[in-house]
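Below is model.cif, which holds mmCIF, C-alpha atoms.
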```cif
data_entry
#
loop_
_atom_site.label_atom_id
_atom_site.label_comp_id
_atom_site.auth_asym_id
_atom_site.auth_seq_id
_atom_site.Cartn_x
_atom_site.Cartn_y
_atom_site.Cartn_z
CA MET A 4 -30.92 -4.48 4.70
CA LYS A 5 -27.24 -4.56 5.72
CA ILE A 6 -24.75 -4.72 2.85
CA GLY A 7 -20.99 -5.14 3.08
CA VAL A 8 -18.85 -4.46 0.01
CA PHE A 9 -15.50 -6.24 -0.14
CA GLY A 10 -12.65 -6.67 -2.60
CA LYS A 11 -9.07 -5.96 -3.56
CA GLY A 12 -7.89 -2.38 -3.83
CA GLY A 13 -8.86 -0.29 -6.80
CA ILE A 14 -11.65 -2.49 -8.09
CA GLY A 15 -14.46 -0.11 -7.22
CA LYS A 16 -15.75 -1.07 -3.74
CA THR A 17 -16.22 2.54 -2.72
CA THR A 18 -17.82 3.63 -5.98
CA ILE A 19 -20.29 0.74 -5.99
CA ALA A 20 -21.08 1.06 -2.27
CA ALA A 21 -21.84 4.76 -2.76
CA ILE A 22 -24.10 4.13 -5.74
CA ILE A 23 -26.03 1.45 -3.82
CA ALA A 24 -26.38 3.78 -0.83
CA ARG A 25 -27.63 6.69 -2.89
CA GLU A 26 -29.96 4.54 -4.93
CA LEU A 27 -31.52 3.08 -1.75
CA ALA A 28 -31.87 6.54 -0.23
CA ARG A 29 -33.41 7.88 -3.43
CA ARG A 30 -36.07 5.18 -3.15
CA GLY A 31 -37.02 6.46 0.25
CA ARG A 32 -35.05 4.23 2.60
CA PRO A 33 -33.13 5.64 5.52
CA VAL A 34 -29.45 4.82 4.84
CA VAL A 35 -26.35 4.74 7.00
CA ALA A 36 -23.11 4.60 5.02
CA LEU A 37 -20.17 3.25 7.01
CA ASP A 38 -16.67 3.65 5.63
CA CYS A 39 -14.64 0.81 7.16
CA ASP A 40 -11.58 1.32 4.94
CA THR A 41 -8.41 2.66 6.60
CA ASN A 42 -8.15 4.84 3.53
CA PRO A 43 -11.66 6.30 3.75
CA ASN A 44 -13.01 7.80 0.53
CA LEU A 45 -16.68 6.83 0.68
CA GLY A 46 -17.66 10.43 1.40
CA ILE A 47 -16.25 11.65 -1.90
CA ALA A 48 -18.06 8.94 -3.82
CA LEU A 49 -21.32 9.83 -2.07
CA GLY A 50 -20.87 13.47 -3.05
CA VAL A 51 -19.54 14.91 0.21
CA PRO A 52 -16.83 17.51 -0.46
CA PRO A 53 -13.28 16.11 -0.02
CA GLU A 54 -12.43 18.59 2.76
CA ARG A 55 -15.44 17.49 4.81
CA THR A 56 -14.73 13.82 4.10
CA GLU A 57 -11.19 14.35 5.34
CA ARG A 58 -12.33 15.98 8.58
CA LEU A 59 -14.48 13.04 9.72
CA ALA A 60 -13.00 11.36 12.80
CA GLY A 61 -12.65 7.59 12.91
CA ILE A 62 -15.14 6.23 15.44
CA ARG A 63 -12.80 3.47 16.54
CA GLN A 64 -9.94 5.91 17.16
CA ALA A 65 -12.22 8.32 19.01
CA LEU A 66 -13.46 5.53 21.27
CA GLY A 67 -9.92 4.26 21.78
CA GLU A 68 -8.71 7.68 22.80
CA GLY A 69 -11.35 7.92 25.49
CA LYS A 70 -13.24 10.79 23.91
CA VAL A 71 -16.41 8.87 24.64
CA GLU A 72 -16.90 7.93 28.28
CA HIS A 73 -19.13 4.89 28.11
CA ALA A 74 -20.20 2.59 25.34
CA PRO A 75 -22.78 4.63 23.46
CA VAL A 76 -25.47 3.27 21.22
CA ALA A 77 -24.93 3.27 17.48
CA ALA A 78 -27.33 6.13 16.86
CA GLU A 79 -25.41 8.31 19.26
CA LEU A 80 -22.11 7.54 17.54
CA LEU A 81 -23.60 8.34 14.15
CA GLU A 82 -24.97 11.59 15.47
CA ARG A 83 -21.72 12.58 17.07
CA PHE A 84 -19.14 11.44 14.51
CA GLY A 85 -21.16 11.26 11.31
CA THR A 86 -21.99 13.82 8.70
CA ASP A 87 -24.92 14.34 6.34
CA ALA A 88 -24.42 13.15 2.78
CA PRO A 89 -26.71 13.72 -0.23
CA GLU A 90 -30.22 12.14 -0.33
CA GLY A 91 -30.39 12.17 3.47
CA ILE A 92 -27.68 9.54 3.95
CA ARG A 93 -25.79 9.59 7.25
CA LEU A 94 -22.09 8.87 6.72
CA ALA A 95 -19.57 7.80 9.36
CA VAL A 96 -15.95 6.66 9.21
CA VAL A 97 -15.01 3.66 11.34
CA ASN A 98 -11.21 3.76 11.00
CA ARG A 99 -8.82 6.53 10.32
CA ILE A 100 -5.08 6.11 10.69
CA GLU A 101 -3.62 9.55 10.95
CA ASN A 102 -0.97 10.43 13.47
CA PRO A 103 0.47 7.04 14.16
CA ASN A 104 2.92 6.00 16.77
CA PRO A 105 5.44 3.93 14.84
CA GLY A 106 7.17 0.93 16.38
CA MET B 15 18.88 1.97 -3.88
CA ARG B 16 16.40 1.21 -1.11
CA VAL B 17 12.96 2.02 -2.41
CA ALA B 18 9.47 1.42 -1.00
CA PHE B 19 6.32 1.61 -3.11
CA VAL B 20 3.21 2.78 -1.30
CA GLY B 21 -0.22 3.85 -2.51
CA LYS B 22 -3.92 3.27 -2.62
CA GLY B 23 -5.21 -0.17 -3.53
CA GLY B 24 -5.06 -0.85 -7.23
CA SER B 25 -2.82 2.13 -7.96
CA GLY B 26 -0.14 -0.12 -9.46
CA LYS B 27 2.41 -0.56 -6.68
CA SER B 28 3.19 -4.19 -7.51
CA THR B 29 3.24 -3.65 -11.25
CA ILE B 30 5.73 -0.81 -11.04
CA ALA B 31 7.79 -2.26 -8.17
CA GLY B 32 8.29 -5.55 -10.01
CA THR B 33 9.32 -3.79 -13.20
CA ILE B 34 11.73 -1.46 -11.39
CA ALA B 35 13.30 -4.44 -9.59
CA ARG B 36 13.99 -6.23 -12.88
CA LEU B 37 15.20 -3.13 -14.68
CA LEU B 38 17.67 -2.55 -11.85
CA ALA B 39 18.85 -6.13 -12.09
CA ARG B 40 19.23 -5.90 -15.88
CA ASP B 41 21.49 -2.92 -15.29
CA GLY B 42 23.73 -5.15 -13.22
CA ALA B 43 22.51 -4.46 -9.69
CA LYS B 44 21.93 -7.15 -7.09
CA VAL B 45 18.28 -6.77 -6.15
CA LEU B 46 16.18 -8.06 -3.28
CA ALA B 47 12.48 -7.65 -4.04
CA LEU B 48 10.18 -7.77 -1.04
CA ASP B 49 6.45 -8.29 -1.15
CA VAL B 50 5.12 -7.06 2.16
CA ASP B 51 1.56 -6.67 0.91
CA THR B 52 -1.17 -8.56 2.73
CA LEU B 53 -2.72 -9.17 -0.68
CA PRO B 54 0.43 -10.19 -2.50
CA GLY B 55 0.97 -9.47 -6.17
CA LEU B 56 4.65 -8.77 -6.71
CA ALA B 57 5.44 -12.32 -7.84
CA PHE B 58 3.20 -11.81 -10.89
CA SER B 59 4.78 -8.55 -11.96
CA LEU B 60 8.28 -9.99 -11.49
CA GLY B 61 7.33 -12.72 -13.93
CA MET B 62 7.30 -15.65 -11.51
CA GLY B 63 3.98 -16.91 -12.78
CA LYS B 64 2.29 -17.66 -9.48
CA ILE B 65 1.72 -16.23 -6.03
CA GLY B 66 2.32 -18.00 -2.77
CA ASP B 67 5.96 -19.07 -2.62
CA GLY B 68 8.98 -17.38 -1.15
CA GLY B 69 7.78 -16.85 2.38
CA LEU B 70 9.74 -17.21 5.58
CA PRO B 71 8.64 -20.19 7.67
CA GLU B 72 6.32 -19.15 10.45
CA GLY B 73 8.43 -21.21 12.87
CA LEU B 74 11.18 -18.59 12.68
CA ALA B 75 8.98 -16.27 14.72
CA GLU B 76 7.35 -16.66 18.10
CA LYS B 77 5.05 -14.63 20.28
CA ARG B 78 6.61 -13.59 23.58
CA GLU B 79 4.91 -12.28 26.64
CA GLY B 80 4.99 -8.50 26.59
CA LYS B 81 7.08 -8.31 23.42
CA GLY B 82 4.72 -9.51 20.75
CA TRP B 83 6.06 -11.37 17.73
CA VAL B 84 9.85 -11.61 17.55
CA MET B 85 12.37 -13.80 15.74
CA ARG B 86 12.97 -17.00 17.65
CA GLU B 87 16.73 -16.91 17.22
CA GLU B 88 19.36 -14.39 16.32
CA ILE B 89 19.77 -14.90 12.63
CA SER B 90 21.08 -12.37 10.17
CA ALA B 91 18.84 -10.92 7.52
CA GLU B 92 21.47 -11.89 4.94
CA ALA B 93 21.36 -15.53 6.03
CA LEU B 94 17.57 -15.55 5.86
CA VAL B 95 17.64 -14.12 2.36
CA ASP B 96 20.24 -16.65 1.22
CA GLU B 97 18.23 -19.52 2.60
CA HIS B 98 14.67 -18.54 1.81
CA ALA B 99 14.53 -16.02 -1.03
CA LEU B 100 13.51 -17.34 -4.43
CA ASP B 101 15.18 -16.64 -7.75
CA ALA B 102 13.10 -14.39 -9.96
CA PRO B 103 13.87 -13.48 -13.59
CA ASP B 104 16.96 -11.36 -14.35
CA GLY B 105 18.61 -12.55 -11.15
CA VAL B 106 16.29 -10.74 -8.77
CA ARG B 107 15.95 -12.41 -5.37
CA PHE B 108 12.41 -12.46 -4.04
CA LEU B 109 10.97 -12.72 -0.54
CA GLN B 110 7.29 -12.85 0.30
CA LEU B 111 6.72 -11.31 3.72
CA GLY B 112 3.01 -10.55 3.55
CA LYS B 113 0.45 -12.83 5.10
CA LEU B 114 -0.14 -15.95 3.13
CA PRO B 115 -3.57 -17.28 4.00
CA GLY B 116 -3.37 -20.67 5.64
CA ARG B 117 0.41 -20.59 5.82
CA VAL B 118 1.45 -17.70 8.02
CA ARG B 119 -0.42 -16.56 11.06
CA PRO B 120 -1.25 -12.87 11.13
CA GLY B 121 1.13 -11.27 13.56
CA SER B 122 4.14 -13.47 12.89
CA THR B 123 4.96 -11.30 9.88
CA THR B 124 5.70 -8.35 12.13
CA ALA B 125 8.72 -10.29 13.38
CA PHE B 126 9.99 -10.45 9.81
CA ARG B 127 10.15 -6.69 9.56
CA HIS B 128 13.58 -7.00 11.08
CA VAL B 129 14.70 -8.73 7.90
CA VAL B 130 13.63 -5.76 5.87
CA ASP B 131 15.23 -3.26 8.24
CA SER B 132 18.53 -4.97 8.82
CA PHE B 133 19.46 -6.26 5.38
CA ARG B 134 22.67 -4.37 4.67
CA ARG B 135 24.58 -6.27 2.05
CA PRO B 136 26.95 -3.93 0.20
CA GLY B 137 26.01 -3.24 -3.38
CA TRP B 138 22.47 -4.57 -3.05
CA SER B 139 19.28 -2.71 -3.82
CA LEU B 140 16.00 -3.27 -2.00
CA VAL B 141 12.65 -2.87 -3.69
CA GLY B 142 9.65 -3.16 -1.36
CA ASP B 143 6.01 -3.48 -2.36
CA LEU B 144 3.89 -2.40 0.63
CA ALA B 145 0.25 -3.03 1.46
CA ALA B 146 -2.37 -0.58 0.29
CA GLY B 147 -3.38 2.26 2.53
CA PRO B 148 -1.67 4.05 5.39
CA ARG B 149 -1.43 1.17 7.85
CA GLN B 150 1.94 -0.38 6.97
CA GLY B 151 3.64 2.90 6.25
CA SER B 152 2.64 4.15 9.66
CA PHE B 153 3.85 1.05 11.47
CA GLY B 154 7.38 1.08 10.21
CA TRP B 155 7.36 -1.20 7.19
CA ALA B 156 8.77 1.58 5.04
CA GLY B 157 11.59 2.11 7.53
CA PHE B 158 14.16 0.40 5.30
CA ALA B 159 13.66 2.83 2.46
CA THR B 160 15.74 5.83 1.53
CA ALA B 161 13.30 6.62 -1.28
CA VAL B 162 9.55 6.29 -0.95
CA VAL B 163 7.45 6.28 -4.10
CA LEU B 164 3.82 7.28 -3.62
CA ILE B 165 1.85 5.86 -6.52
CA THR B 166 -1.55 7.17 -7.45
CA GLU B 167 -3.97 7.15 -10.29
CA PRO B 168 -4.89 10.65 -11.38
CA THR B 169 -8.07 10.80 -9.30
CA ALA B 170 -9.29 12.92 -6.39
CA ALA B 171 -9.49 9.84 -4.15
CA GLY B 172 -5.97 8.85 -5.15
CA LEU B 173 -4.57 12.24 -4.23
CA LEU B 174 -6.39 12.21 -0.89
CA ALA B 175 -4.75 8.84 -0.23
CA VAL B 176 -1.38 10.38 -1.10
CA GLY B 177 -1.94 13.07 1.52
CA ARG B 178 -2.88 10.48 4.13
CA LEU B 179 0.06 8.25 3.31
CA ARG B 180 2.40 11.16 3.51
CA ARG B 181 1.12 12.09 6.95
CA ALA B 182 1.31 8.48 8.07
CA LEU B 183 4.93 8.00 7.01
CA PRO B 184 7.27 8.99 9.83
CA ALA B 185 9.46 11.84 8.58
CA ARG B 186 13.07 10.70 8.56
CA ALA B 187 16.21 12.49 7.61
CA GLY B 188 17.81 10.99 4.53
CA THR B 189 14.56 9.73 3.02
CA VAL B 190 13.19 11.28 -0.14
CA LEU B 191 9.56 11.15 -1.24
CA GLY B 192 8.21 11.42 -4.75
CA LEU B 193 5.03 10.88 -6.66
CA VAL B 194 4.22 8.61 -9.59
CA LEU B 195 1.05 9.19 -11.54
CA ASN B 196 -0.04 5.86 -12.93
CA LYS B 197 -2.52 4.87 -15.63
CA VAL B 198 -2.70 8.44 -16.89
CA ARG B 199 -5.09 8.80 -19.80
CA GLU B 200 -5.41 12.51 -20.35
CA ALA B 201 -4.95 15.57 -18.21
CA ARG B 202 -3.40 15.73 -14.77
CA PRO B 203 -5.88 16.03 -11.89
CA PRO B 204 -6.40 19.61 -10.69
CA ALA B 205 -5.32 18.94 -7.10
CA LEU B 206 -1.94 17.54 -8.12
CA GLU B 207 0.12 20.64 -7.40
CA ALA B 208 -1.30 20.75 -3.88
CA ALA B 209 0.40 17.45 -3.10
CA GLY B 210 3.63 19.41 -3.01
CA LEU B 211 5.76 16.44 -4.05
CA PRO B 212 8.10 16.05 -7.00
CA VAL B 213 6.52 14.00 -9.79
CA TRP B 214 9.11 11.35 -10.56
CA ALA B 215 7.16 9.84 -13.43
CA GLU B 216 3.88 9.87 -15.29
CA VAL B 217 3.06 6.40 -16.47
CA PRO B 218 0.47 6.41 -19.25
CA TYR B 219 -2.36 3.93 -19.35
CA ASP B 220 -1.01 1.09 -21.46
CA GLU B 221 -3.31 -1.64 -22.72
CA ALA B 222 -0.34 -4.05 -22.91
CA VAL B 223 0.43 -3.49 -19.20
CA ALA B 224 -3.25 -4.05 -18.42
CA ALA B 225 -3.10 -7.28 -20.42
CA ALA B 226 -0.03 -8.38 -18.45
CA GLU B 227 -1.94 -7.71 -15.21
CA ARG B 228 -4.91 -9.71 -16.48
CA GLU B 229 -2.68 -12.67 -17.27
CA GLY B 230 -0.48 -12.44 -14.16
CA ARG B 231 2.63 -11.78 -16.23
CA ALA B 232 5.43 -9.26 -15.98
CA PRO B 233 4.95 -6.05 -18.00
CA LEU B 234 8.62 -6.37 -18.93
CA ASP B 235 7.93 -9.75 -20.55
CA VAL B 236 4.76 -8.64 -22.32
CA ALA B 237 5.49 -5.12 -23.51
CA PRO B 238 9.12 -4.14 -22.79
CA ASP B 239 9.05 -1.30 -25.30
CA GLY B 240 5.52 -0.08 -24.68
CA PRO B 241 4.77 3.37 -23.29
CA GLY B 242 4.06 2.01 -19.78
CA VAL B 243 7.40 0.26 -19.34
CA MET B 244 9.23 3.16 -21.03
CA ALA B 245 7.82 5.51 -18.39
CA MET B 246 8.92 3.06 -15.68
CA ARG B 247 12.45 3.26 -17.10
CA GLU B 248 12.23 7.01 -16.69
CA LEU B 249 11.10 6.49 -13.11
CA LEU B 250 14.19 4.39 -12.49
CA SER B 251 16.47 7.16 -13.67
CA ALA B 252 14.56 9.72 -11.58
CA LEU B 253 15.04 7.41 -8.60
CA ARG B 254 18.75 7.15 -9.29
CA ASP B 255 18.97 10.94 -9.22
CA ALA B 256 16.86 11.31 -6.09
CA ASP B 257 17.76 8.36 -3.87
CA PRO B 258 20.65 9.01 -1.50
CA GLY B 259 20.63 5.48 -0.21
CA THR B 260 23.04 3.44 -2.30
CA ILE B 261 24.60 0.87 -0.02
CA THR B 262 28.32 1.38 -0.22
CA ALA B 263 29.71 0.12 3.04
#
```

Translate the structure described by the file into structure tokens.
Amino acid sequence: MKIGVFGKGGIGKTTIAAIIARELARRGRPVVALDCDTNPNLGIALGVPPERTERLAGIRQALGEGKVEHAPVAAELLERFGTDAPEGIRLAVVNRIENPNPG
Amino acid sequence: MRVAFVGKGGSGKSTIAGTIARLLARDGAKVLALDVDTLPGLAFSLGMGKIGDGGLPEGLAEKREGKGWVMREEISAEALVDEHALDAPDGVRFLQLGKLPGRVRPGSTTAFRHVVDSFRRPGWSLVGDLAAGPRQGSFGWAGFATAVVLITEPTAAGLLAVGRLRRALPARAGTVLGLVLNKVREARPPALEAAGLPVWAEVPYDEAVAAAEREGRAPLDVAPDGPGVMAMRELLSALRDADPGTITA
């Protein structure tokens, strides 16, 4: 099962995605939670402490900056850049805009 | 006053920006209201009734080798505003610079940033409603502003977004930053003090403002004396005290 949750800001995408993820995990399924928002808060909604959520690197940025030498498989990326969330969920952040280069 | 509204999705940027623009205009200011959001909403909160008009024609921009999207010809921001901005209530002039699906190709809008940056008509105020999240702030769309309002609901996720937005905004001399707590129901969130920003206003949750949002109408037309709009009036006076950027020359 691969579920994408979309919508305008503030309507509850993150909250609903987190509840679905935790509910699936609670029923015994292995779950990967991917935060694809440039303002990534899925960790908090899953129950990961805010400080740890905030420390997760964006996979896309890490790849773009050449921290990874060759195209790795998804499992490797999740292992390297993800973190454990409650109910055995593996959480990773796809995008994080932090220290931008304006212009 | 040159003010940009930034914040997490759904925090109320458009609602507050539109109301501030009209309050400024009612006080006699000339106001250019800019919707830069990729999911536009400012036209509703200004009281224009519908979304989708007021854009710059895509033909004004072109993609050049090695330069990306630029304006096709030298044309002043003032001339573009005169020609293409729409009249909104209370004499506000309105320009829609965000992507309009099916009408403006993604990318061309970056050329229009020059309009935002170079509009320098004496005596005019600019009110900009930016896209949600840190992307636009970090790529220069807030560059026109001398005051940046970070809007958040009183939630942990909202305050995290404030921190990210603040880091994403290039620090510039002469620009002031302040916080607006929106849709406040009860207590302030515990992490608020850690944001380290002045709180310019606390806007209470107001059912009449929510009703205006449901109907796509301006809060100022639906509930001008309600607690939500009253708090937005207080925000305007806080902005007047804080913003150094009145255009005088």

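Counting all atoms listed in the file, the residue from A:Cys39, A:Ala60, A:Ile92, A:Ile100 that sits nearest to chain B is A:Ile100.
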
Radius query 12 Å about (-19.8, 16.5, -1.1), atoms used: all atoms listed in the file, as a list in words: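 Here is the list of nearby residues: Asn44, Leu45, Gly46, Ile47, Ala48, Leu49, Gly50, Val51, Pro52, Pro53, Glu54, Arg55, Thr56, Glu57, Thr86, Asp87, Ala88, Pro89, Glu90, Ile92 and Leu94 of chain A.
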
Please write the residues from the selection above to a file, keeping C-alpha atoms, as a compact mmCIF listing (two decimals), in the coordinates of the input.
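Okay, selection.txt is ready:
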```
# COMPACT_ATOMS: atom_id res chain seq x y z
CA ASN A 44 -13.01 7.80 0.53
CA LEU A 45 -16.68 6.83 0.68
CA GLY A 46 -17.66 10.43 1.40
CA ILE A 47 -16.25 11.65 -1.90
CA ALA A 48 -18.06 8.94 -3.82
CA LEU A 49 -21.32 9.83 -2.07
CA GLY A 50 -20.87 13.47 -3.05
CA VAL A 51 -19.54 14.91 0.21
CA PRO A 52 -16.83 17.51 -0.46
CA PRO A 53 -13.28 16.11 -0.02
CA GLU A 54 -12.43 18.59 2.76
CA ARG A 55 -15.44 17.49 4.81
CA THR A 56 -14.73 13.82 4.10
CA GLU A 57 -11.19 14.35 5.34
CA THR A 86 -21.99 13.82 8.70
CA ASP A 87 -24.92 14.34 6.34
CA ALA A 88 -24.42 13.15 2.78
CA PRO A 89 -26.71 13.72 -0.23
CA GLU A 90 -30.22 12.14 -0.33
CA ILE A 92 -27.68 9.54 3.95
CA LEU A 94 -22.09 8.87 6.72
```

Determine the residue membership of the PyMOL selection byres ((chain B) within 9 of (chain A)) for the file above and supply it as a PyMOL selection string. chain B and resi 22-25+53+146-149+151-154+170-171+174-175+178-179+181-184

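Atom pair atom CA of B:Met244 / atom CA of B:Gly177 has a distance of 27.0 Å (rounded to one decimal).
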
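Note that atom CA of B:Ile30 and atom CA of B:Thr52 are 17.2 Å apart.
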
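Pairwise distance (atom CA of B:Val20, atom CA of B:Arg231) equals 20.9 Å.
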
Could you spell out the hits of the PyMOL selection byres ((chain A and resi 7) around 12) on the shown file, as a list in words?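 On this input, the PyMOL selection byres ((chain A and resi 7) around 12) captures Met4, Lys5, Ile6, Val8, Phe9, Gly10, Lys16, Thr17, Ile19, Ala20, Ala21, Ile23, Ala24, Val35, Ala36, Leu37, Asp38, Cys39 and Asp40 of chain A.
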
Non-local contacts of B:Gly242 (9 Å; only C-alpha atoms; under 5 positions in same chain excluded) as a tab-separated table (two decimals) with C-alpha atoms, in the frame of the given file:
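Final output, selection.tsv:
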```tsv
chain	number	residue	atom	x	y	z
B	196	ASN	CA	-0.04	5.86	-12.93
B	197	LYS	CA	-2.52	4.87	-15.63
B	217	VAL	CA	3.06	6.40	-16.47
B	218	PRO	CA	0.47	6.41	-19.25
B	219	TYR	CA	-2.36	3.93	-19.35
B	220	ASP	CA	-1.01	1.09	-21.46
B	221	GLU	CA	-3.31	-1.64	-22.72
B	222	ALA	CA	-0.34	-4.05	-22.91
B	223	VAL	CA	0.43	-3.49	-19.20
B	233	PRO	CA	4.95	-6.05	-18.00
B	237	ALA	CA	5.49	-5.12	-23.51
B	247	ARG	CA	12.45	3.26	-17.10
```

Could you expand the PyMOL selection byres ((chain B and resi 65) around 10) into the explicit residues it covers here, written as a tab-separated table (two decimals) with C-alpha atoms, in the frame of the given file?
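For reference, expr-v7.tsv as written:
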```tsv
chain	number	residue	atom	x	y	z
B	53	LEU	CA	-2.72	-9.17	-0.68
B	54	PRO	CA	0.43	-10.19	-2.50
B	55	GLY	CA	0.97	-9.47	-6.17
B	56	LEU	CA	4.65	-8.77	-6.71
B	57	ALA	CA	5.44	-12.32	-7.84
B	58	PHE	CA	3.20	-11.81	-10.89
B	62	MET	CA	7.30	-15.65	-11.51
B	63	GLY	CA	3.98	-16.91	-12.78
B	64	LYS	CA	2.29	-17.66	-9.48
B	66	GLY	CA	2.32	-18.00	-2.77
B	67	ASP	CA	5.96	-19.07	-2.62
B	68	GLY	CA	8.98	-17.38	-1.15
B	110	GLN	CA	7.29	-12.85	0.30
B	114	LEU	CA	-0.14	-15.95	3.13
B	230	GLY	CA	-0.48	-12.44	-14.16
```

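For stretch 161-164 of chain B, the residues within 8 Å (counting all atoms listed in the file, excluding itself and residues fewer than 3 positions away along the chain) are Met15, Arg16, Val17, Ala18, Phe19, Val20, Gly21, Ala156, Val176, Leu179, Thr189, Val190, Leu191, Gly192, Leu193, Val194, Leu253, Ala256, Asp257, Pro258 and Gly259 of chain B.
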
Between B:Val213, B:Trp138, B:Asp96, B:Asp143, which is the closest to B:Thr166 once you count all atoms listed in the file? B:Val213

If we count only C-alpha atoms and set the cut-off at 12 Å, which residues sit around B:Val130, ignoring sequence neighbours fewer than 4 positions away in its own chain? Please answer as number ranges by chain. B: 16-18, 46-50, 90-92, 94-95, 109-112, 123-126, 134-135, 139-144, 154-159

From the options B:Ser59, B:Ala35, B:Arg254, B:Glu207, which residue's atoms come nearest to B:Ala225, counting only C-alpha atoms? B:Ser59

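Taking only C-alpha atoms into account, B:Thr33 lies nearest to B:Leu60 out of the set B:Leu60, B:Leu70, B:Ala215, B:Ile165.
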
Rebuild N, CA, C and O atoms on stretch 45-58 of chain B, as a PDB file, keeping the file's coordinate frame?
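What follows is the written file rebuild26.pdb:
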```
ATOM      1  N   VAL B  45      19.563  -7.309  -6.591  1.00  0.00           N
ATOM      2  CA  VAL B  45      18.280  -6.770  -6.150  1.00  0.00           C
ATOM      3  C   VAL B  45      17.541  -7.775  -5.261  1.00  0.00           C
ATOM      4  O   VAL B  45      17.396  -8.948  -5.625  1.00  0.00           O
ATOM      5  N   LEU B  46      17.101  -7.295  -4.109  1.00  0.00           N
ATOM      6  CA  LEU B  46      16.180  -8.060  -3.280  1.00  0.00           C
ATOM      7  C   LEU B  46      14.808  -7.408  -3.376  1.00  0.00           C
ATOM      8  O   LEU B  46      14.644  -6.243  -3.031  1.00  0.00           O
ATOM      9  N   ALA B  47      13.844  -8.156  -3.901  1.00  0.00           N
ATOM     10  CA  ALA B  47      12.480  -7.650  -4.040  1.00  0.00           C
ATOM     11  C   ALA B  47      11.629  -8.232  -2.919  1.00  0.00           C
ATOM     12  O   ALA B  47      11.626  -9.443  -2.697  1.00  0.00           O
ATOM     13  N   LEU B  48      10.960  -7.352  -2.206  1.00  0.00           N
ATOM     14  CA  LEU B  48      10.180  -7.770  -1.040  1.00  0.00           C
ATOM     15  C   LEU B  48       8.714  -7.488  -1.252  1.00  0.00           C
ATOM     16  O   LEU B  48       8.333  -6.353  -1.529  1.00  0.00           O
ATOM     17  N   ASP B  49       7.890  -8.518  -1.134  1.00  0.00           N
ATOM     18  CA  ASP B  49       6.450  -8.290  -1.150  1.00  0.00           C
ATOM     19  C   ASP B  49       5.955  -8.321   0.277  1.00  0.00           C
ATOM     20  O   ASP B  49       5.951  -9.366   0.924  1.00  0.00           O
ATOM     21  N   VAL B  50       5.573  -7.165   0.784  1.00  0.00           N
ATOM     22  CA  VAL B  50       5.120  -7.060   2.160  1.00  0.00           C
ATOM     23  C   VAL B  50       3.595  -6.948   2.189  1.00  0.00           C
ATOM     24  O   VAL B  50       2.971  -6.895   3.226  1.00  0.00           O
ATOM     25  N   ASP B  51       2.996  -6.908   1.018  1.00  0.00           N
ATOM     26  CA  ASP B  51       1.560  -6.670   0.910  1.00  0.00           C
ATOM     27  C   ASP B  51       0.773  -7.845   1.487  1.00  0.00           C
ATOM     28  O   ASP B  51       1.142  -9.001   1.314  1.00  0.00           O
ATOM     29  N   THR B  52      -0.303  -7.510   2.198  1.00  0.00           N
ATOM     30  CA  THR B  52      -1.170  -8.560   2.730  1.00  0.00           C
ATOM     31  C   THR B  52      -2.011  -9.207   1.633  1.00  0.00           C
ATOM     32  O   THR B  52      -2.601 -10.259   1.845  1.00  0.00           O
ATOM     33  N   LEU B  53      -2.097  -8.553   0.495  1.00  0.00           N
ATOM     34  CA  LEU B  53      -2.720  -9.170  -0.680  1.00  0.00           C
ATOM     35  C   LEU B  53      -1.641  -9.207  -1.761  1.00  0.00           C
ATOM     36  O   LEU B  53      -1.545  -8.332  -2.597  1.00  0.00           O
ATOM     37  N   PRO B  54      -0.793 -10.229  -1.711  1.00  0.00           N
ATOM     38  CA  PRO B  54       0.430 -10.190  -2.500  1.00  0.00           C
ATOM     39  C   PRO B  54       0.206 -10.196  -4.005  1.00  0.00           C
ATOM     40  O   PRO B  54      -0.727 -10.818  -4.501  1.00  0.00           O
ATOM     41  N   GLY B  55       1.082  -9.505  -4.721  1.00  0.00           N
ATOM     42  CA  GLY B  55       0.970  -9.470  -6.170  1.00  0.00           C
ATOM     43  C   GLY B  55       2.296  -9.308  -6.890  1.00  0.00           C
ATOM     44  O   GLY B  55       2.366  -9.405  -8.104  1.00  0.00           O
ATOM     45  N   LEU B  56       3.353  -9.075  -6.106  1.00  0.00           N
ATOM     46  CA  LEU B  56       4.650  -8.770  -6.710  1.00  0.00           C
ATOM     47  C   LEU B  56       5.193  -9.941  -7.536  1.00  0.00           C
ATOM     48  O   LEU B  56       5.850  -9.729  -8.553  1.00  0.00           O
ATOM     49  N   ALA B  57       4.916 -11.166  -7.110  1.00  0.00           N
ATOM     50  CA  ALA B  57       5.440 -12.320  -7.840  1.00  0.00           C
ATOM     51  C   ALA B  57       4.953 -12.322  -9.289  1.00  0.00           C
ATOM     52  O   ALA B  57       5.697 -12.677 -10.205  1.00  0.00           O
ATOM     53  N   PHE B  58       3.723 -11.890  -9.513  1.00  0.00           N
ATOM     54  CA  PHE B  58       3.200 -11.810 -10.890  1.00  0.00           C
ATOM     55  C   PHE B  58       3.988 -10.788 -11.710  1.00  0.00           C
ATOM     56  O   PHE B  58       4.424 -11.069 -12.822  1.00  0.00           O
TER      57      PHE B  58
END
```
